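First comes the structure, then the notes that go with it.
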Amino acid sequence: MSQVASIADGATPHPFDQASPAELQAAVDIAKQRFDPELELFWYAGNVQEPPKKVMQEYLRAERAGKPIPPPPRRICILVGIVHTPRNFEVLVDLREGAIVGFKELSRIYQPPLTMDEVDIARNVTLSSDLVKKEAERMGIPMDLVFAEPWDYGRDSDEEYPRMSQIFMYMLNPETRDPESNPYSWPLDFMAIVDLEKREVVKVIHLNLGVDTVSREIQNGTYKGSKPIEPEYVHSLQSQKTRTTMKPLRVLQPEGPSFDVSGNLIEWEKWRFRVGFNWREGFVLYDVTFDGREVLYRMSLAEMFVPYGDPRSPLQRKSAFDFGNIGAGNAANNLGLGCDCLGVIKYLDGQLLGGDGKPKTVPNVVCIHEVDAGIQWKHTNTVTGKPVVVRRRQLQLQMIITVANYEYAFYYVFDQSGEIMFDTLATGILSTTPIDPTNKDPCSYGTRVAPGVLAPYHQHIFSLRIDPCIDGDGNTVQVVDSVPMPLDKDTNPYGVGYTTESYNVKQSGTEDINVERGRVFKIVNPNKINPTTLQPVGYKLVPVASQMILSDPNSWHGRRSNYCTAPIWVTKYKDDELYPAGKYTSQSIGDDGLRHYISRNDPVENEDIVVWHTFGLTHNPRPEDFPIMPAETSRVMLKPYGFFEYNPTLDVPESKQSFNQSVSYEDSKALSSKKSCCKI
C-alpha cells in the first residue's frame with residue numbers, strides 16, 4: 001500500500017469528514033508534480049470533494065443499518081496559482097490512487113477566492129507603496145497610523161482584466177495611536193487598487209467628499225478628517241465607564257451535557273447528524289435523521305452577497321460575496337471558552353490550507369452546546385388547577401466569522417420537537433467612507449454616523465441551501481396559502497370560514513413569499529402518507545420575509561448575484577451544484593448560479609430536489625449602529641408538518657423544581673448579602 005493510500009485508509013475518515021492535515025499535505029505534494037519545481041506557487045484552498053449523492057446515500061443507509069460497505073474514493077480539490085502570473089488552476093487529487101484525476105486552468109473570468117493570506121499580501125503591498133506613502137504625506141498622517149482594508153474588486157467591465165483588489169483606506173485613532181482603536185471612525189479620502197498578479201499598487205483614486213455623483217479631485221488640505229463623539233468600541237479606549245449593575249448569569253450542567261459527539265457524528269434527543277467543515281461554507285450539516293427517519297441529506301449557508309448602494313464612482317464597485325470570495329471557513333473565529341458560547345461546550349477544529357501550501361489548524365471554529373429556550377408546552381387543568389409544563393431544550397451549533405469590518409454568527413438549532421432552525425446574526429462595524437464635515441447637503445444613499453463619517457446604505461443577502469430527504473427519496477415542494485372562503489349561504493353563511501389553497505411546484509423555478517396569504521412552503525414525500533392526516537408526510541419551511549436586491553438587474557451587482565432576485569428557488573439535484581452565485585464569484589460576470597440551474601426547466605415533482613431560500617437585511621445605517629452595531633438576527637425554520645402522528649415532545653419529562661433547582665429573588669438577595677469567608 002502506498003503512503004497516500006495509508007493516509008486515506010489507515011485513518012479511516014468518514015466520507016463527510018473534512019480533510020485532515022495529512023490528507024491536505026499529501027494532496028499538495030501530488031499536485032506539485034504537475035508544476036515546474038522552480039515556479040513559486042500560491043495555494044488558495046483545499047477541500048474534500050463530496051462523493052456523488054447516489055453513492056453516498058447507499059453508504060449512509062448501510063452505515064445506519066449497521067451493515068457498512070466500503071467508502072467511496074477520497075478526493076481533494078485544490079486551487080493553486082503561479083505567483084506573478086495570471087495562471088490559476090483547479091487540481092483534483094485522488095488520495096487512494098495517489099494521482100491527479102482532474103486538472104483545469106482557469107480563465108480570468110473565473111478567479112480563485114481572495115483568501116485571508118492574499119488579503120494580508122494586498123495589505124502589505126499597499127502599506128509599502130510609494131503612491132500610498134505620498135498620499136499619507138499629503139494628509140499629514142504618519143504611515144504607522146494608516147490602516148488598509150482589502151476588498152474583492154467586484155467588476156465594472158465585460159472585458160477580462162488582471163486579478164485585482166480594491167483597498168479602502170483608514171487610520172487609527174490619532175490621539176491614542178492604539179493598534180486596537182477603531183479605524184472606521186477615521187476614513188481617509190483616497191483608495192488604492194492593487195494588481196494581485198504583479199503584487200503592486202497600480203492606482204490611487206481620490207474620493208468624492210460631497211454627496212453628488214460627479215467625481216472630483218480633492219485639493220491639498222481640503223479634507224480635515226472626522227471627529228466622532230465616541231469613536232471606540234474597545235472598552236479600555238472608550239471615554240465612558242462600563243456598567244457595574246450586571247451580576248453573573250451562569251449556565252451549569254452538573255451531570256454534563258445530553259449530547260454525544262463521536263468524530264463528526266452528533267447524537268442528541270432523537271437527532272442524529274454529521275457536521276462537516278470547509279473553507280467556503282464553514283460548517284455543513286449532513287445526513288440529518290430524527291428517531292431514525294431521514295430529514296435532510298445536506299444543509300448549508302451557501303452564499304452571502306453584500307451590495308453597497310453608493311452610486312459615486314469608484315464606490316459603485318463596492319460589493320462582496322463573502323463566502324465565494326473569502327470563505328466562511330477561512331474567516332472563522334476561535335470561539336474562546338466562556339465568551340461566545342455558554343454552558344458545557346464541545347468544540348470542533350477546522351483544517352485549512354495556507355497560502356504557502358501547508359495545512360493549518362484553526363481551533364474551536366464550531367461550538368456545540370445546549371440551551372434552555374423557554375416553554376415547549378403547558379396546560380393548566382381549569383377544573384383541578386393542576387398545571388403540566390415541559391421546558392424547551394435545544395441544541396445549538398454556532399460559528400462566527402469576521403469578514404473585514406463585519407461579524408456574522410450562524411446557528412443551527414435543533415429542537416426536541418423535530419424542528420430545525422437556522423439563525424443569522426449580524427454585528428461588527430459599519431464600512432464607512434469620508435464626507436466633508438462642512439457639507440450639509442442631504443444624502444439619499446447613506447447616513448452620517450459621525451462628523452466626517454458616512455455609512456452608505458447596503459444589503460446583506462444570504463442563500464440557505466436545503467437538500468431534503470423527507471422520509472426518503474422523492475420529494476415535492478407544495479406552496480400553501482391561507483385564504484378566506486367566499487361568503488355563501490350554504491358553505492360559509494356567517495362569513496367566518498377560511499381554507500387553504502395549494503399547488504405543487506412541478507418545474508424548476510422560483511416562488512414568491514406572500515404575507516397577505518400567509519404563504520408557507522411544504523416539502524413533502526408523496527410516497528409516504530401520514531395515517532392521521534391522510535396526507536403526505538412533510539416539513540414546512542417558514543421563510544424570512546425580506547427585501548430582495550435593490551440594484552438594477554443590468555448593473556454588475558444585479559448580474560453577478562442572480563440568486564438575490566427571488567426568495568425561493570427549487571432545482572433538481574445535480575452533483576456539484578452547491579453555490580447559488582456560481583462556483584467562482586471573484587470578479588465574476590454572472591454566467592453561473594441559480595438562474596442558470598433553473599433554466600434547464602427540470603421536473604421537480606416527486607424528484608431529488610434542492611430548495612434554496614434567499615433572505616437578508618436591508619441595512620440603512622443609524623447612529624446607534626456606530627461605532628459598533630448591536631446584533632440583528634434573522635431566523636429560518638423547518639417545522640414538521642404531518643411528519644408525526646402527534647406531538648413528538650409528549651415524552652419530554654415534566655419541568656419540576658427538584659430538577660431545575662431555581663432560586664427565588666428573595667433567597668438570592670439573602671445569599672448575596674452573606675459575607676464570604678474566602679479572600680479570593
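Residue numbering restarts at 1 in every chain; chains get A, B, ... in the order shown in the C-alpha cells, and ligands count up from 1 in that same order.
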
All residues 9 Å or closer to Gln57 of chain A, only C-alpha atoms, same chain fewer than 5 positions away omitted, as a list in words: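 The residues satisfying every condition are Pro52, Ala62, Asp287 and Tyr297 of chain A.
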
Generate a file of the selected residues that holds all heavy atoms, formatted as a tab-separated table (two decimals), in the first residue's frame.
```tsv
chain	number	residue	atom	x	y	z
A	52	PRO	N	-20.49	11.48	-5.18
A	52	PRO	CA	-21.83	11.61	-5.76
A	52	PRO	C	-22.91	11.21	-4.75
A	52	PRO	O	-22.72	10.29	-3.95
A	52	PRO	CB	-21.79	10.64	-6.95
A	52	PRO	CG	-20.34	10.54	-7.31
A	52	PRO	CD	-19.60	10.66	-6.01
A	62	ALA	N	-26.52	2.10	4.60
A	62	ALA	CA	-25.86	0.88	5.08
A	62	ALA	C	-25.21	1.12	6.44
A	62	ALA	O	-25.28	0.27	7.34
A	62	ALA	CB	-24.82	0.41	4.06
A	287	ASP	N	-26.67	14.22	6.53
A	287	ASP	CA	-27.35	13.00	6.96
A	287	ASP	C	-28.12	13.22	8.27
A	287	ASP	O	-27.89	12.55	9.27
A	287	ASP	CB	-26.34	11.87	7.11
A	287	ASP	CG	-27.03	10.51	7.26
A	287	ASP	OD1	-28.14	10.34	6.71
A	287	ASP	OD2	-26.46	9.63	7.94
A	297	TYR	N	-30.51	15.50	3.65
A	297	TYR	CA	-29.25	14.94	3.19
A	297	TYR	C	-28.10	15.91	3.47
A	297	TYR	O	-27.04	15.52	3.94
A	297	TYR	CB	-29.32	14.63	1.70
A	297	TYR	CG	-28.00	14.17	1.12
A	297	TYR	CD1	-27.53	12.88	1.37
A	297	TYR	CD2	-27.22	15.02	0.33
A	297	TYR	CE1	-26.31	12.46	0.85
A	297	TYR	CE2	-26.01	14.60	-0.20
A	297	TYR	CZ	-25.55	13.32	0.07
A	297	TYR	OH	-24.35	12.91	-0.44
```

Neighbours of His14 of chain A within 12 Å (only C-alpha atoms; same-chain residues fewer than 3 positions away dropped), as a tab-separated table (two decimals) with N, CA, C and O atoms, in the first residue's frame?
```
chain	number	residue	atom	x	y	z
A	8	ALA	N	-5.31	7.70	3.64
A	8	ALA	CA	-6.76	7.64	3.46
A	8	ALA	C	-7.37	6.45	4.18
A	8	ALA	O	-8.38	6.57	4.86
A	9	ASP	N	-6.73	5.26	4.03
A	9	ASP	CA	-7.33	4.04	4.56
A	9	ASP	C	-7.01	3.82	6.04
A	9	ASP	O	-7.85	3.38	6.81
A	10	GLY	N	-5.76	4.14	6.43
A	10	GLY	CA	-5.37	3.88	7.81
A	10	GLY	C	-6.13	4.73	8.81
A	10	GLY	O	-6.49	4.27	9.89
A	11	ALA	N	-6.39	6.00	8.46
A	11	ALA	CA	-7.11	6.90	9.36
A	11	ALA	C	-8.61	6.67	9.30
A	11	ALA	O	-9.34	7.17	10.14
A	17	ASP	N	-16.10	13.67	6.54
A	17	ASP	CA	-15.09	14.34	7.35
A	17	ASP	C	-14.36	15.38	6.51
A	17	ASP	O	-14.11	15.16	5.32
A	18	GLN	N	-13.99	16.49	7.14
A	18	GLN	CA	-13.13	17.45	6.46
A	18	GLN	C	-11.75	16.83	6.24
A	18	GLN	O	-11.39	15.84	6.88
A	19	ALA	N	-11.00	17.41	5.33
A	19	ALA	CA	-9.67	16.90	5.03
A	19	ALA	C	-8.77	17.10	6.24
A	19	ALA	O	-8.73	18.18	6.85
A	20	SER	N	-8.03	16.06	6.59
A	20	SER	CA	-7.09	16.14	7.70
A	20	SER	C	-5.82	16.84	7.22
A	20	SER	O	-5.56	16.96	6.01
A	48	VAL	N	-12.27	18.65	0.59
A	48	VAL	CA	-12.72	17.33	0.17
A	48	VAL	C	-13.81	17.49	-0.87
A	48	VAL	O	-14.75	18.28	-0.69
A	50	GLU	N	-17.00	16.14	-2.28
A	50	GLU	CA	-18.00	15.19	-1.79
A	50	GLU	C	-18.33	14.16	-2.87
A	50	GLU	O	-18.47	14.50	-4.04
A	51	PRO	N	-18.47	12.91	-2.47
A	51	PRO	CA	-18.81	11.85	-3.44
A	51	PRO	C	-20.19	12.10	-4.03
A	51	PRO	O	-21.01	12.84	-3.47
A	56	MET	N	-23.32	8.14	-1.95
A	56	MET	CA	-23.31	8.42	-0.52
A	56	MET	C	-24.59	7.95	0.17
A	56	MET	O	-24.56	7.49	1.32
A	59	TYR	N	-24.20	4.42	0.93
A	59	TYR	CA	-23.22	4.25	2.01
A	59	TYR	C	-23.85	4.61	3.36
A	59	TYR	O	-23.69	3.88	4.35
A	60	LEU	N	-24.56	5.74	3.43
A	60	LEU	CA	-25.13	6.21	4.69
A	60	LEU	C	-26.21	5.28	5.21
A	60	LEU	O	-26.29	5.01	6.42
A	63	GLU	N	-24.60	2.28	6.59
A	63	GLU	CA	-23.95	2.64	7.85
A	63	GLU	C	-24.96	2.69	8.99
A	63	GLU	O	-24.74	2.12	10.07
A	68	PRO	N	-22.07	-1.77	7.22
A	68	PRO	CA	-21.22	-0.85	6.45
A	68	PRO	C	-20.68	-1.46	5.17
A	68	PRO	O	-20.43	-2.67	5.09
A	69	ILE	N	-20.54	-0.62	4.17
A	69	ILE	CA	-19.95	-1.01	2.89
A	69	ILE	C	-18.70	-0.17	2.68
A	69	ILE	O	-18.50	0.84	3.36
A	70	PRO	N	-17.82	-0.56	1.75
A	70	PRO	CA	-16.59	0.21	1.54
A	70	PRO	C	-16.89	1.66	1.18
A	70	PRO	O	-17.83	1.95	0.43
A	71	PRO	N	-16.11	2.61	1.72
A	71	PRO	CA	-16.35	4.02	1.42
A	71	PRO	C	-15.96	4.35	-0.01
A	71	PRO	O	-15.14	3.66	-0.63
A	72	PRO	N	-16.52	5.42	-0.56
A	72	PRO	CA	-16.15	5.85	-1.92
A	72	PRO	C	-14.75	6.44	-1.92
A	72	PRO	O	-14.16	6.69	-0.87
A	73	PRO	N	-14.18	6.69	-3.11
A	73	PRO	CA	-12.84	7.28	-3.18
A	73	PRO	C	-12.76	8.60	-2.43
A	73	PRO	O	-13.73	9.37	-2.38
A	74	ARG	N	-11.60	8.86	-1.86
A	74	ARG	CA	-11.35	10.09	-1.11
A	74	ARG	C	-10.59	11.05	-2.01
A	74	ARG	O	-9.44	10.78	-2.41
A	262	SER	N	-19.01	11.87	18.52
A	262	SER	CA	-18.01	10.87	18.13
A	262	SER	C	-17.48	11.25	16.77
A	262	SER	O	-18.15	11.05	15.74
A	263	GLY	N	-16.29	11.86	16.75
A	263	GLY	CA	-15.78	12.38	15.49
A	263	GLY	C	-16.66	13.52	15.01
A	263	GLY	O	-16.84	14.51	15.71
A	264	ASN	N	-17.24	13.38	13.82
A	264	ASN	CA	-18.14	14.42	13.33
A	264	ASN	C	-19.62	14.01	13.46
A	264	ASN	O	-20.50	14.67	12.92
A	265	LEU	N	-19.87	12.93	14.21
A	265	LEU	CA	-21.23	12.44	14.42
A	265	LEU	C	-21.78	12.99	15.73
A	265	LEU	O	-21.16	12.83	16.79
A	274	ARG	N	-24.30	14.55	11.05
A	274	ARG	CA	-22.86	14.79	10.96
A	274	ARG	C	-22.59	16.26	10.65
A	274	ARG	O	-23.38	16.92	9.99
A	275	VAL	N	-21.43	16.73	11.15
A	275	VAL	CA	-21.02	18.12	10.93
A	275	VAL	C	-19.74	18.11	10.11
A	275	VAL	O	-18.74	17.50	10.51
A	276	GLY	N	-19.78	18.77	8.97
A	276	GLY	CA	-18.58	18.94	8.17
A	276	GLY	C	-18.08	20.37	8.26
A	276	GLY	O	-18.72	21.24	8.86
A	286	TYR	N	-24.89	17.16	7.55
A	286	TYR	CA	-25.06	16.02	6.65
A	286	TYR	C	-25.91	14.95	7.33
A	286	TYR	O	-25.84	14.76	8.55
```

Please identify the strand (DSSP E or B) residues within segment 568-636 of chain A (assignment by DSSP from backbone atoms) and present them as a list in words.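 Of segment 568-636 of chain A, the ones in strand (DSSP E or B) are Ile568, Trp569, Val570, Thr571, Lys572, Ser586, Pro603, Glu607, Ile609, Val610, Val611, Trp612, His613, Thr614, Phe615, Gly616, Leu617, Thr618, His619, Met629, Pro630, Ala631, Glu632, Thr633, Ser634, Arg635 and Val636 of chain A.
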
Can you list, as a PyMOL selection string, every protein, DNA or RNA residue that comes within 12 Å of Thr649 of chain A when you count only C-alpha atoms, leaving out same-chain residues fewer than 5 positions away? chain A and resi 269-270+375-378+389-393+415-419+644+654

Take the residues that were just selected and, keeping N, CA and C atoms, output them as an mmCIF file, in the first residue's frame.
```
data_model
loop_
_atom_site.group_PDB
_atom_site.id
_atom_site.type_symbol
_atom_site.label_atom_id
_atom_site.label_comp_id
_atom_site.auth_asym_id
_atom_site.auth_seq_id
_atom_site.Cartn_x
_atom_site.Cartn_y
_atom_site.Cartn_z
ATOM 1 N N GLU A 269 -31.145 13.805 21.723
ATOM 2 C CA GLU A 269 -32.611 13.840 21.791
ATOM 3 C C GLU A 269 -33.278 13.369 20.495
ATOM 4 N N LYS A 270 -32.979 12.169 20.062
ATOM 5 C CA LYS A 270 -33.535 11.542 18.856
ATOM 6 C C LYS A 270 -32.924 12.055 17.556
ATOM 7 N N ILE A 375 -40.563 27.699 27.258
ATOM 8 C CA ILE A 375 -41.549 26.635 27.422
ATOM 9 C C ILE A 375 -41.801 25.919 26.100
ATOM 10 N N GLN A 376 -41.776 24.600 26.138
ATOM 11 C CA GLN A 376 -42.141 23.794 24.972
ATOM 12 C C GLN A 376 -43.657 23.675 24.874
ATOM 13 N N TRP A 377 -44.297 23.339 25.973
ATOM 14 C CA TRP A 377 -45.759 23.356 26.030
ATOM 15 C C TRP A 377 -46.215 23.365 27.487
ATOM 16 N N LYS A 378 -47.456 23.849 27.698
ATOM 17 C CA LYS A 378 -48.019 23.921 29.050
ATOM 18 C C LYS A 378 -49.537 23.942 28.977
ATOM 19 N N VAL A 389 -46.137 21.412 32.701
ATOM 20 C CA VAL A 389 -45.298 22.246 31.839
ATOM 21 C C VAL A 389 -44.041 21.469 31.459
ATOM 22 N N VAL A 390 -43.668 21.597 30.219
ATOM 23 C CA VAL A 390 -42.442 20.996 29.698
ATOM 24 C C VAL A 390 -41.583 22.117 29.135
ATOM 25 N N ARG A 391 -40.337 22.171 29.562
ATOM 26 C CA ARG A 391 -39.449 23.206 29.051
ATOM 27 C C ARG A 391 -38.832 22.783 27.725
ATOM 28 N N ARG A 392 -38.395 23.793 26.991
ATOM 29 C CA ARG A 392 -37.890 23.591 25.633
ATOM 30 C C ARG A 392 -36.366 23.578 25.644
ATOM 31 N N ARG A 393 -35.793 22.407 25.511
ATOM 32 C CA ARG A 393 -34.344 22.266 25.427
ATOM 33 C C ARG A 393 -33.946 22.232 23.948
ATOM 34 N N ASP A 415 -34.385 21.287 17.868
ATOM 35 C CA ASP A 415 -35.373 21.295 18.938
ATOM 36 C C ASP A 415 -35.868 19.871 19.183
ATOM 37 N N GLN A 416 -36.308 19.603 20.410
ATOM 38 C CA GLN A 416 -36.842 18.284 20.753
ATOM 39 C C GLN A 416 -38.103 17.942 19.971
ATOM 40 N N SER A 417 -38.742 18.958 19.411
ATOM 41 C CA SER A 417 -39.992 18.754 18.678
ATOM 42 C C SER A 417 -39.788 18.315 17.236
ATOM 43 N N GLY A 418 -38.542 18.191 16.811
ATOM 44 C CA GLY A 418 -38.269 17.855 15.418
ATOM 45 C C GLY A 418 -38.030 19.066 14.546
ATOM 46 N N GLU A 419 -38.043 20.267 15.129
ATOM 47 C CA GLU A 419 -37.787 21.489 14.358
ATOM 48 C C GLU A 419 -36.287 21.705 14.193
ATOM 49 N N PHE A 644 -45.170 13.689 11.893
ATOM 50 C CA PHE A 644 -45.521 12.833 13.023
ATOM 51 C C PHE A 644 -47.032 12.667 13.107
ATOM 52 N N GLU A 654 -41.526 16.285 32.538
ATOM 53 C CA GLU A 654 -42.158 17.489 33.074
ATOM 54 C C GLU A 654 -41.114 18.358 33.767
#
```

Quick one: residues within 8 Å of Tyr563 of chain A, only C-alpha atoms, excluding same-chain residues fewer than 5 positions away - as a PyMOL selection string? chain A and resi 463+580-581+593-595+614

At a cut-off of 12 Å, using only C-alpha atoms, what residues contact Glu38 of chain A? Leave out same-chain residues fewer than 6 positions from it and give the result as a ChimeraX atom specification. /A:32,82-83

Determine, counting only C-alpha atoms, which protein, DNA and RNA residues have an atom within 7 Å of an atom of segment 325-332 of chain A; residues of the same chain fewer than 5 positions away are not included. Present the result as a list in words.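 Those residues are Pro113, Leu114, Thr115, Met116, Asp152, Asn278, Trp279, Arg280, Glu281, Gly282, Val365, Met399, Ile400, Ile401, Thr402, Val403, Thr585 and Ser586 of chain A.
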
Give me a file of those residues, with all heavy atoms, as a compact mmCIF listing (two decimals), in the first residue's frame.
```txt
# COMPACT_ATOMS: atom_id res chain seq x y z
N PRO A 113 -10.67 32.41 -5.00
CA PRO A 113 -11.09 33.35 -3.95
C PRO A 113 -9.94 34.23 -3.47
O PRO A 113 -8.77 33.87 -3.60
CB PRO A 113 -11.57 32.43 -2.82
CG PRO A 113 -10.79 31.17 -3.04
CD PRO A 113 -10.68 31.02 -4.52
N LEU A 114 -10.30 35.39 -2.94
CA LEU A 114 -9.32 36.28 -2.31
C LEU A 114 -9.16 35.81 -0.86
O LEU A 114 -9.89 36.23 0.03
CB LEU A 114 -9.82 37.73 -2.37
CG LEU A 114 -8.90 38.81 -1.82
CD1 LEU A 114 -7.72 39.02 -2.75
CD2 LEU A 114 -9.66 40.13 -1.66
N THR A 115 -8.24 34.89 -0.62
CA THR A 115 -8.13 34.26 0.69
C THR A 115 -7.53 35.21 1.72
O THR A 115 -7.01 36.28 1.38
CB THR A 115 -7.25 33.00 0.60
OG1 THR A 115 -5.91 33.41 0.28
CG2 THR A 115 -7.77 32.05 -0.47
N MET A 116 -7.58 34.80 2.99
CA MET A 116 -7.05 35.64 4.06
C MET A 116 -5.55 35.86 3.88
O MET A 116 -5.03 36.93 4.20
CB MET A 116 -7.34 34.99 5.42
CG MET A 116 -8.82 34.74 5.69
SD MET A 116 -9.87 36.22 5.55
CE MET A 116 -9.51 37.03 7.09
N ASP A 152 -12.47 42.43 -2.36
CA ASP A 152 -12.57 41.94 -3.73
C ASP A 152 -12.90 43.12 -4.65
O ASP A 152 -13.61 44.05 -4.26
CB ASP A 152 -13.69 40.90 -3.81
CG ASP A 152 -13.89 40.38 -5.21
OD1 ASP A 152 -13.10 39.53 -5.64
OD2 ASP A 152 -14.83 40.84 -5.88
N ASN A 278 -15.63 23.24 5.75
CA ASN A 278 -14.78 23.52 4.59
C ASN A 278 -14.48 25.00 4.50
O ASN A 278 -15.10 25.82 5.18
CB ASN A 278 -15.41 22.98 3.30
CG ASN A 278 -16.74 23.64 2.96
OD1 ASN A 278 -16.80 24.83 2.68
ND2 ASN A 278 -17.81 22.86 2.99
N TRP A 279 -13.51 25.35 3.67
CA TRP A 279 -13.05 26.75 3.61
C TRP A 279 -14.15 27.69 3.16
O TRP A 279 -14.17 28.86 3.57
CB TRP A 279 -11.84 26.88 2.67
CG TRP A 279 -12.16 26.77 1.20
CD1 TRP A 279 -12.08 25.66 0.44
CD2 TRP A 279 -12.62 27.82 0.33
NE1 TRP A 279 -12.46 25.93 -0.86
CE2 TRP A 279 -12.79 27.25 -0.96
CE3 TRP A 279 -12.91 29.17 0.49
CZ2 TRP A 279 -13.23 27.99 -2.05
CZ3 TRP A 279 -13.35 29.92 -0.59
CH2 TRP A 279 -13.50 29.33 -1.84
N ARG A 280 -15.09 27.22 2.36
CA ARG A 280 -16.06 28.13 1.74
C ARG A 280 -17.33 28.31 2.56
O ARG A 280 -17.71 29.43 2.89
CB ARG A 280 -16.41 27.62 0.33
CG ARG A 280 -17.37 28.54 -0.40
CD ARG A 280 -17.38 28.27 -1.87
NE ARG A 280 -18.30 29.14 -2.59
CZ ARG A 280 -18.24 29.38 -3.89
NH1 ARG A 280 -17.30 28.82 -4.61
NH2 ARG A 280 -19.10 30.19 -4.48
N GLU A 281 -18.00 27.20 2.89
CA GLU A 281 -19.27 27.30 3.61
C GLU A 281 -19.11 27.30 5.12
O GLU A 281 -20.06 27.57 5.85
CB GLU A 281 -20.18 26.12 3.23
CG GLU A 281 -20.54 26.07 1.75
CD GLU A 281 -21.01 24.69 1.35
OE1 GLU A 281 -20.17 23.75 1.36
OE2 GLU A 281 -22.20 24.53 1.05
N GLY A 282 -17.92 26.98 5.61
CA GLY A 282 -17.78 26.79 7.05
C GLY A 282 -18.41 25.48 7.45
O GLY A 282 -18.15 24.44 6.83
N VAL A 365 -13.58 26.31 15.86
CA VAL A 365 -14.37 27.06 14.88
C VAL A 365 -15.87 26.79 15.02
O VAL A 365 -16.70 27.58 14.55
CB VAL A 365 -13.93 26.75 13.44
CG1 VAL A 365 -12.54 27.29 13.17
CG2 VAL A 365 -13.99 25.26 13.15
N MET A 399 -21.14 29.10 14.72
CA MET A 399 -19.90 29.51 14.06
C MET A 399 -19.97 31.02 13.88
O MET A 399 -21.02 31.58 13.57
CB MET A 399 -19.76 28.84 12.70
CG MET A 399 -18.50 29.24 11.93
SD MET A 399 -18.38 28.46 10.29
CE MET A 399 -19.67 29.35 9.41
N ILE A 400 -18.86 31.71 14.11
CA ILE A 400 -18.79 33.15 13.92
C ILE A 400 -17.65 33.46 12.96
O ILE A 400 -16.56 32.88 13.09
CB ILE A 400 -18.57 33.89 15.26
CG1 ILE A 400 -19.70 33.58 16.24
CG2 ILE A 400 -18.47 35.39 15.04
CD1 ILE A 400 -19.51 34.19 17.61
N ILE A 401 -17.90 34.34 12.02
CA ILE A 401 -16.85 34.73 11.07
C ILE A 401 -16.63 36.23 11.13
O ILE A 401 -17.55 37.00 11.46
CB ILE A 401 -17.19 34.30 9.63
CG1 ILE A 401 -18.39 35.08 9.08
CG2 ILE A 401 -17.45 32.80 9.57
CD1 ILE A 401 -18.66 34.82 7.59
N THR A 402 -15.42 36.64 10.86
CA THR A 402 -15.08 38.06 10.72
C THR A 402 -14.63 38.29 9.29
O THR A 402 -13.63 37.70 8.84
CB THR A 402 -13.96 38.46 11.68
OG1 THR A 402 -14.39 38.24 13.02
CG2 THR A 402 -13.61 39.94 11.52
N VAL A 403 -15.39 39.10 8.57
CA VAL A 403 -15.06 39.44 7.19
C VAL A 403 -14.87 40.95 7.14
O VAL A 403 -15.84 41.71 7.11
CB VAL A 403 -16.16 38.99 6.21
CG1 VAL A 403 -15.68 39.17 4.78
CG2 VAL A 403 -16.55 37.55 6.45
N THR A 585 -16.82 33.34 -7.74
CA THR A 585 -17.51 34.62 -7.64
C THR A 585 -16.58 35.82 -7.70
O THR A 585 -17.03 36.94 -7.93
CB THR A 585 -18.30 34.69 -6.32
OG1 THR A 585 -17.40 34.52 -5.21
CG2 THR A 585 -19.38 33.63 -6.27
N SER A 586 -15.29 35.61 -7.50
CA SER A 586 -14.36 36.74 -7.51
C SER A 586 -14.24 37.29 -8.93
O SER A 586 -13.86 36.57 -9.86
CB SER A 586 -12.99 36.28 -7.00
OG SER A 586 -12.13 37.38 -6.86
```

Within 8 Å of Lys540 of chain A, counting only C-alpha atoms, which residues qualify if same-chain residues fewer than 6 places away don't, as a VMD selection string? chain A and resid 520 to 523 637 to 641

Put those residues in a file: N, CA and C atoms, as a tab-separated table (two decimals), in the first residue's frame.
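Done, and the output landed in out01.tsv:
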```
chain	number	residue	atom	x	y	z
A	520	VAL	N	-46.76	29.49	3.09
A	520	VAL	CA	-45.68	28.64	3.57
A	520	VAL	C	-45.34	27.65	2.47
A	521	PHE	N	-44.19	27.02	2.64
A	521	PHE	CA	-43.70	26.10	1.63
A	521	PHE	C	-43.46	24.75	2.31
A	522	LYS	N	-44.24	23.77	1.91
A	522	LYS	CA	-44.11	22.43	2.47
A	522	LYS	C	-43.24	21.57	1.55
A	523	ILE	N	-42.33	20.86	2.15
A	523	ILE	CA	-41.54	19.87	1.42
A	523	ILE	C	-42.07	18.51	1.85
A	637	MET	N	-37.01	28.65	9.68
A	637	MET	CA	-37.44	27.47	10.42
A	637	MET	C	-37.89	26.37	9.48
A	638	LEU	N	-37.53	25.15	9.85
A	638	LEU	CA	-38.05	23.94	9.22
A	638	LEU	C	-38.83	23.20	10.29
A	639	LYS	N	-40.16	23.15	10.14
A	639	LYS	CA	-41.03	22.58	11.15
A	639	LYS	C	-41.74	21.35	10.59
A	640	PRO	N	-41.77	20.25	11.37
A	640	PRO	CA	-42.52	19.09	10.89
A	640	PRO	C	-43.97	19.43	10.65
A	641	TYR	N	-44.49	19.01	9.50
A	641	TYR	CA	-45.88	19.29	9.13
A	641	TYR	C	-46.49	17.98	8.64
```

Rank nothing, just name the residue among A:Gly154, A:Gly140, A:Gly355, A:Gly102 nearest to Ile121 of chain A, using only C-alpha atoms.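 Checking each candidate against Ile121 of chain A, we get A:Gly355 as the closest.
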
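Using only C-alpha atoms for every distance, the candidate list A:Ile141, A:Ala65, A:Met191, A:Val28 yields A:Val28 as the residue closest to Gly98 of chain A.
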
To one decimal in Å, tell me the separation between atom CA of Val201 of chain A and atom CA of Ser165 of chain A.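 Those two atoms sit 9.4 Å apart.
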
Figure out the distance between atom CA of Leu425 of chain A and atom CA of Ser226 of chain A, please, to one decimal in Å. 29.1 Å

Can you work out the spacing between atom CA of Asp490 of chain A and atom CA of Glu516 of chain A in Å, to one decimal?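 Separating atom CA of Asp490 of chain A from atom CA of Glu516 of chain A is a distance of 26.1 Å.
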